[in-house]
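Next up, model-v4.tsv (TSV, C-alpha atoms):
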```
chain	number	residue	atom	x	y	z
A	1	ASP	CA	114.79	85.78	100.53
A	2	THR	CA	115.82	87.55	97.35
A	3	LEU	CA	113.41	88.98	94.81
A	4	THR	CA	115.04	87.25	91.83
A	5	THR	CA	116.26	83.77	90.93
A	6	GLU	CA	118.57	82.48	88.19
A	7	PHE	CA	116.84	81.27	85.04
A	8	ASP	CA	119.41	79.83	82.63
A	9	TYR	CA	116.96	78.05	80.35
A	10	PHE	CA	119.57	77.66	77.60
A	11	ASP	CA	121.24	74.99	79.74
A	12	THR	CA	118.17	72.76	79.39
A	13	LYS	CA	119.41	71.33	76.08
A	14	GLN	CA	122.53	70.08	77.88
A	15	PRO	CA	122.85	67.41	80.61
A	16	VAL	CA	121.07	68.75	83.66
A	17	CYS	CA	121.33	68.36	87.41
A	18	PRO	CA	119.97	65.05	88.64
A	19	SER	CA	116.38	64.03	89.22
A	20	SER	CA	114.59	67.36	89.06
A	21	TRP	CA	112.96	69.64	86.51
A	22	LEU	CA	114.71	72.41	88.44
A	23	GLY	CA	118.00	71.27	87.00
A	24	GLY	CA	116.63	71.94	83.55
A	25	LEU	CA	115.16	75.30	84.38
A	26	LEU	CA	117.88	76.78	86.57
A	27	GLY	CA	121.49	76.93	85.46
A	28	CYS	CA	123.37	74.08	87.09
A	29	CYS	CA	126.37	74.61	84.83
A	30	HIS	CA	127.34	78.23	85.46
A	31	GLY	CA	129.25	79.70	82.54
A	32	ALA	CA	131.38	82.82	82.35
A	33	ALA	CA	128.40	85.09	81.72
A	34	ALA	CA	126.00	85.84	84.53
A	35	PRO	CA	122.72	83.94	84.01
A	36	PRO	CA	119.41	85.74	83.52
A	37	GLN	CA	117.40	86.61	86.60
A	38	VAL	CA	113.62	86.25	86.96
A	39	HIS	CA	111.10	87.03	89.69
A	40	HIS	CA	111.42	84.41	92.43
A	41	GLY	CA	107.68	84.14	93.09
A	42	PHE	CA	106.80	83.81	89.42
A	43	LEU	CA	109.39	81.06	89.01
A	44	ASN	CA	107.97	79.15	91.96
A	45	ALA	CA	104.49	79.41	90.44
A	46	LEU	CA	105.80	78.16	87.10
A	47	ALA	CA	107.24	75.10	88.85
A	48	VAL	CA	103.71	73.76	89.27
A	49	ALA	CA	103.17	73.67	85.49
A	50	VAL	CA	106.56	72.37	84.39
A	51	PRO	CA	105.83	68.66	85.09
A	52	ASP	CA	102.78	68.87	82.80
A	53	ILE	CA	104.89	70.51	80.08
A	54	GLU	CA	107.41	67.69	80.40
A	55	LYS	CA	104.81	64.92	80.52
A	56	GLU	CA	102.26	66.11	77.96
A	57	LEU	CA	103.49	68.81	75.61
A	58	ILE	CA	107.13	68.08	74.89
A	59	PRO	CA	106.56	64.35	74.12
A	60	ARG	CA	103.80	65.33	71.70
A	61	LEU	CA	106.08	67.80	69.93
A	62	ARG	CA	108.78	65.15	69.62
A	63	SER	CA	106.42	62.41	68.42
A	64	THR	CA	104.51	64.51	65.88
A	65	THR	CA	106.83	64.74	62.91
A	66	ALA	CA	104.51	64.40	59.91
A	67	SER	CA	102.45	67.57	60.35
A	68	PRO	CA	103.23	70.93	61.97
A	69	LEU	CA	101.77	71.96	65.31
A	70	ARG	CA	101.24	75.55	66.41
A	71	VAL	CA	101.90	76.09	70.09
A	72	ILE	CA	100.33	79.28	71.47
A	73	VAL	CA	101.41	80.09	75.02
A	74	THR	CA	99.12	82.70	76.53
A	75	GLY	CA	97.85	84.13	79.81
A	76	HIS	CA	96.36	87.15	81.57
A	77	SER	CA	97.92	88.92	84.57
A	78	LEU	CA	99.97	86.39	86.60
A	79	GLY	CA	99.11	83.91	83.85
A	80	GLY	CA	100.92	86.18	81.39
A	81	ALA	CA	104.08	86.10	83.49
A	82	LEU	CA	103.87	82.31	83.76
A	83	ALA	CA	103.24	82.07	80.02
A	84	THR	CA	106.44	84.04	79.45
A	85	GLY	CA	108.39	81.63	81.63
A	86	ALA	CA	106.81	78.58	79.99
A	87	PHE	CA	107.57	80.02	76.55
A	88	ALA	CA	111.23	80.46	77.48
A	89	TYR	CA	111.35	76.98	78.99
A	90	LEU	CA	109.95	75.42	75.82
A	91	LEU	CA	112.48	77.23	73.65
A	92	GLY	CA	115.21	75.77	75.82
A	93	LYS	CA	113.82	72.24	75.91
A	94	PHE	CA	112.72	71.73	72.30
A	95	ASP	CA	114.49	72.57	69.04
A	96	PHE	CA	111.74	74.31	67.07
A	97	ALA	CA	114.19	75.32	64.34
A	98	ALA	CA	114.82	71.67	63.46
A	99	SER	CA	111.13	70.74	63.54
A	100	LEU	CA	107.99	71.60	61.59
A	101	HIS	CA	106.36	73.20	64.62
A	102	GLU	CA	105.73	76.85	65.55
A	103	ILE	CA	105.58	78.57	68.92
A	104	HIS	CA	103.95	81.91	69.77
A	105	LEU	CA	103.58	83.96	72.96
A	106	VAL	CA	100.58	86.21	73.65
A	107	THR	CA	100.28	87.95	77.02
A	108	LEU	CA	97.46	90.15	78.31
A	109	GLY	CA	98.15	92.61	81.10
A	110	SER	CA	101.27	90.73	82.15
A	111	PRO	CA	103.73	91.88	84.80
A	112	ARG	CA	107.45	91.79	84.02
A	113	PHE	CA	108.92	88.28	84.41
A	114	GLY	CA	112.68	88.80	84.24
A	115	ASP	CA	115.62	91.15	83.93
A	116	ALA	CA	117.32	92.64	80.88
A	117	ARG	CA	119.60	89.60	80.48
A	118	PHE	CA	116.57	87.31	80.40
A	119	VAL	CA	114.85	89.53	77.82
A	120	ALA	CA	117.98	89.81	75.64
A	121	ARG	CA	118.68	86.08	75.58
A	122	LEU	CA	115.06	85.25	74.90
A	123	ALA	CA	115.02	87.82	72.08
A	124	ASP	CA	118.03	86.14	70.49
A	125	GLU	CA	116.22	82.80	70.42
A	126	VAL	CA	113.01	84.35	69.11
A	127	LYS	CA	114.85	86.26	66.36
A	128	LYS	CA	116.23	83.03	64.90
A	129	LEU	CA	112.77	81.46	64.75
A	130	GLU	CA	111.09	84.64	63.49
A	131	ALA	CA	113.33	84.50	60.43
A	132	MET	CA	111.83	81.07	59.76
A	133	ASP	CA	108.23	82.26	60.37
A	134	LYS	CA	108.03	79.93	63.36
A	135	CYS	CA	107.73	82.31	66.28
A	136	SER	CA	106.22	85.59	67.46
A	137	ILE	CA	105.56	87.56	70.64
A	138	GLN	CA	102.57	89.84	71.20
A	139	ARG	CA	102.27	91.76	74.47
A	140	VAL	CA	98.81	93.29	74.84
A	141	VAL	CA	97.90	95.93	77.43
A	142	HIS	CA	94.42	97.41	77.84
A	143	ASN	CA	94.43	101.19	78.22
A	144	ASP	CA	96.02	102.25	81.56
A	145	ASP	CA	96.24	98.79	83.16
A	146	ILE	CA	98.60	99.14	86.13
A	147	VAL	CA	99.75	95.51	86.41
A	148	PRO	CA	102.26	95.69	83.51
A	149	THR	CA	104.12	98.41	85.44
A	150	VAL	CA	105.30	95.87	88.04
A	151	PRO	CA	107.79	94.65	89.10
A	152	PRO	CA	109.35	98.08	88.43
A	153	GLN	CA	112.16	98.74	85.98
A	154	VAL	CA	114.12	100.43	88.75
A	155	LEU	CA	114.67	96.94	90.19
A	156	GLY	CA	116.00	95.70	86.85
A	157	PHE	CA	112.89	94.05	85.43
A	158	GLU	CA	112.02	94.40	81.72
A	159	HIS	CA	109.20	93.36	79.42
A	160	VAL	CA	109.44	90.75	76.67
A	161	GLY	CA	108.32	91.75	73.16
A	162	GLY	CA	106.85	94.91	71.68
A	163	LEU	CA	103.75	96.49	73.13
A	164	LEU	CA	100.28	96.60	71.59
A	165	ARG	CA	98.06	98.88	73.68
A	166	LEU	CA	94.30	98.75	73.16
A	167	THR	CA	92.26	101.85	73.97
A	168	GLU	CA	88.53	102.49	73.64
A	169	ASN	CA	86.62	105.59	72.60
A	170	SER	CA	83.34	106.75	74.14
A	171	ALA	CA	81.44	104.45	71.77
A	172	GLY	CA	83.38	101.42	73.01
A	173	GLN	CA	85.35	100.99	69.78
A	174	SER	CA	88.91	99.73	70.18
A	175	ARG	CA	91.98	101.32	68.70
A	176	GLU	CA	95.50	99.93	68.47
A	177	MET	CA	98.45	101.93	69.73
A	178	LEU	CA	101.97	100.87	68.77
A	179	GLY	CA	105.50	102.17	69.21
A	180	ALA	CA	106.25	105.32	71.19
A	181	GLU	CA	102.57	106.18	71.56
A	182	ALA	CA	101.84	102.83	73.21
A	183	GLU	CA	104.82	103.11	75.55
A	184	GLU	CA	103.63	106.32	77.23
A	185	PRO	CA	103.19	105.78	81.00
A	186	PRO	CA	99.60	105.09	82.10
A	187	GLU	CA	97.66	107.94	83.66
A	188	LEU	CA	97.07	107.73	87.40
A	189	GLY	CA	93.47	107.03	88.41
A	190	SER	CA	90.93	104.42	89.40
A	191	GLU	CA	90.77	103.11	85.84
A	192	GLN	CA	94.25	101.61	86.29
A	193	VAL	CA	92.68	98.80	88.32
A	194	THR	CA	89.50	98.26	86.31
A	195	ASP	CA	91.46	98.37	83.04
A	196	HIS	CA	93.10	95.13	84.20
A	197	GLU	CA	89.85	93.18	84.39
A	198	PRO	CA	89.67	90.20	81.98
A	199	ALA	CA	86.22	91.32	80.82
A	200	ARG	CA	87.64	94.62	79.60
A	201	TYR	CA	90.37	92.85	77.67
A	202	LEU	CA	87.85	90.53	76.05
A	203	ARG	CA	85.50	93.38	75.17
A	204	SER	CA	88.27	95.47	73.68
A	205	ILE	CA	89.71	92.58	71.65
A	206	ASP	CA	86.25	91.56	70.43
A	207	SER	CA	85.56	95.14	69.33
A	208	LEU	CA	88.83	95.26	67.43
A	209	VAL	CA	88.18	91.92	65.72
A	210	GLN	CA	84.64	92.93	64.71
A	211	ARG	CA	85.87	96.23	63.29
A	212	SER	CA	88.65	94.48	61.37
A	213	ARG	CA	86.13	92.06	59.89
A	214	LYS	CA	83.88	94.90	58.77
A	215	MET	CA	86.83	96.66	57.13
A	216	LYS	CA	87.81	93.43	55.39
A	217	ASP	CA	84.26	92.89	54.13
A	218	THR	CA	84.16	96.47	52.84
A	219	ASP	CA	87.43	96.00	50.95
A	220	THR	CA	86.17	92.84	49.27
```

In structure tokens, how does this file's structure come out?
Amino acid sequence: DTLTTEFDYFDTKQPVCPSSWLGGLLGCCHGAAAPPQVHHGFLNALAVAVPDIEKELIPRLRSTTASPLRVIVTGHSLGGALATGAFAYLLGKFDFAASLHEIHLVTLGSPRFGDARFVARLADEVKKLEAMDKCSIQRVVHNDDIVPTVPPQVLGFEHVGGLLRLTENSAGQSREMLGAEAEEPPELGSEQVTDHEPARYLRSIDSLVQRSRKMKDTDT
């Protein structure tokens, strides 16, 4: 078995291979350019959710035309990888640009889902919607969480979206790190595992929100 699988989600707006959601998700009409590759195991896990997306979410988006809906696709750890795949699938299946709706991706401690071709093609779709204020991606990592370092870049995997790293001082107050500072490799140690715990993410995010509210109240 190979580590990666084709993920040509742009083909989903065209006629697809018969009788299966897989025809919509994987490229059945291979073009000149090589299709994006994604982690085989993550794609198999996403397959469980795709029927619900097709049955529940997409029909609601298509039937709700009078008022805008905001779709927020989110997840922690493996859930973050699956959220990335679901986000890409939705962009391929539904024309957000022609609708009133928005779509946003927020991942917490997510591993890498696909390769550079996947990331580049997804970024092209997101850029179009960002210009219309209909789309955004936020990738959140808590401190030295080790999970976002896999699968490794040496195997061709890349992250989607810019990084927001949350760190905490000795008093438990959160601080945002962006850009080059946030991209520094995590330090080796036992905290790499505990930094991945959902409770730590929630505590750090709550601290940041509370501090932001206090600053807002002070300004007003």

Near-A:His40 list (8 Å; all atoms listed in the file; drop same-chain fewer than 3 positions) as a ChimeraX atom specification
/A:2-5,43-44

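One distance worth recording is that between atom CA of A:Arg70 and atom CA of A:Ser204, which is 24.9 Å.
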
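Using only C-alpha atoms, the set of residues no farther than 9 Å from the position (100.8, 96.0, 72.8) comprises Leu108, Gln138, Arg139, Val140, Val141, His142, Gly161, Gly162, Leu163, Leu164, Arg165, Leu166, Glu176, Met177, Leu178, Gly179, Ala182 and Glu183 of chain A.
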
Identify, on the basis of only C-alpha atoms, every residue whose closest approach to A:Pro36 does not exceed 6 Å; exclude the query and any residue fewer than 4 positions from it along the same chain; express the result as a PyMOL selection string.
chain A and resi 6-8+117-118

Tell me which protein, DNA and RNA residues are within 6 Å of A:Gly109, counting only C-alpha atoms, leaving out same-chain ones fewer than 2 positions away, and put them as an mmCIF file with C-alpha atoms, keeping the file's coordinate frame.
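And here's part.cif as it stands now:
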```cif
data_model
loop_
_atom_site.group_PDB
_atom_site.id
_atom_site.type_symbol
_atom_site.label_atom_id
_atom_site.label_comp_id
_atom_site.auth_asym_id
_atom_site.auth_seq_id
_atom_site.Cartn_x
_atom_site.Cartn_y
_atom_site.Cartn_z
ATOM 1 C CA HIS A 76 96.360 87.150 81.570
ATOM 2 C CA SER A 77 97.920 88.920 84.570
ATOM 3 C CA VAL A 141 97.900 95.930 77.430
ATOM 4 C CA PRO A 148 102.260 95.690 83.510
#
```

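The smallest atom-to-atom distance between A:Pro186 and any of A:Glu130, A:Val209, A:Glu168, A:Thr149, using only C-alpha atoms, is found for A:Thr149.
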
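Atom CA of A:Phe87 to atom CA of A:Gln153 spans 21.5 Å [interatomic distance, one decimal].
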
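One finds atom CA of A:Gly114 at 23.4 Å from atom CA of A:Ile58.
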
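Across A:Phe96, A:Lys127, A:Glu56, A:Ile137, the tightest approach to A:Val73 is made by A:Ile137 when counting all atoms listed in the file.
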
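Across A:Val126, A:Leu82, A:Val154, A:Leu202, the tightest approach to A:Val38 is made by A:Leu82 when counting all atoms listed in the file.
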
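If all atoms listed in the file are the atoms counted, then among A:Asp145, A:Val150, A:Gly75, A:Ile103 the closest residue to A:Asp133 is A:Ile103.
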
Given the point (102.3, 72.9, 59.6) in the file's coordinates, find the residues that have an atom at most 8 Å from it, counting only C-alpha atoms, and give them as a count of residues only.
7

Pick from A:Asp95, A:Leu78, A:Ser63, A:Leu188 nearest to A:Leu46, counting only C-alpha atoms
A:Leu78

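Each of A:Ile146, A:Val106, A:Ala199, A:Leu91 was compared to A:Lys128 using only C-alpha atoms, and A:Leu91 turns out to be the nearest.
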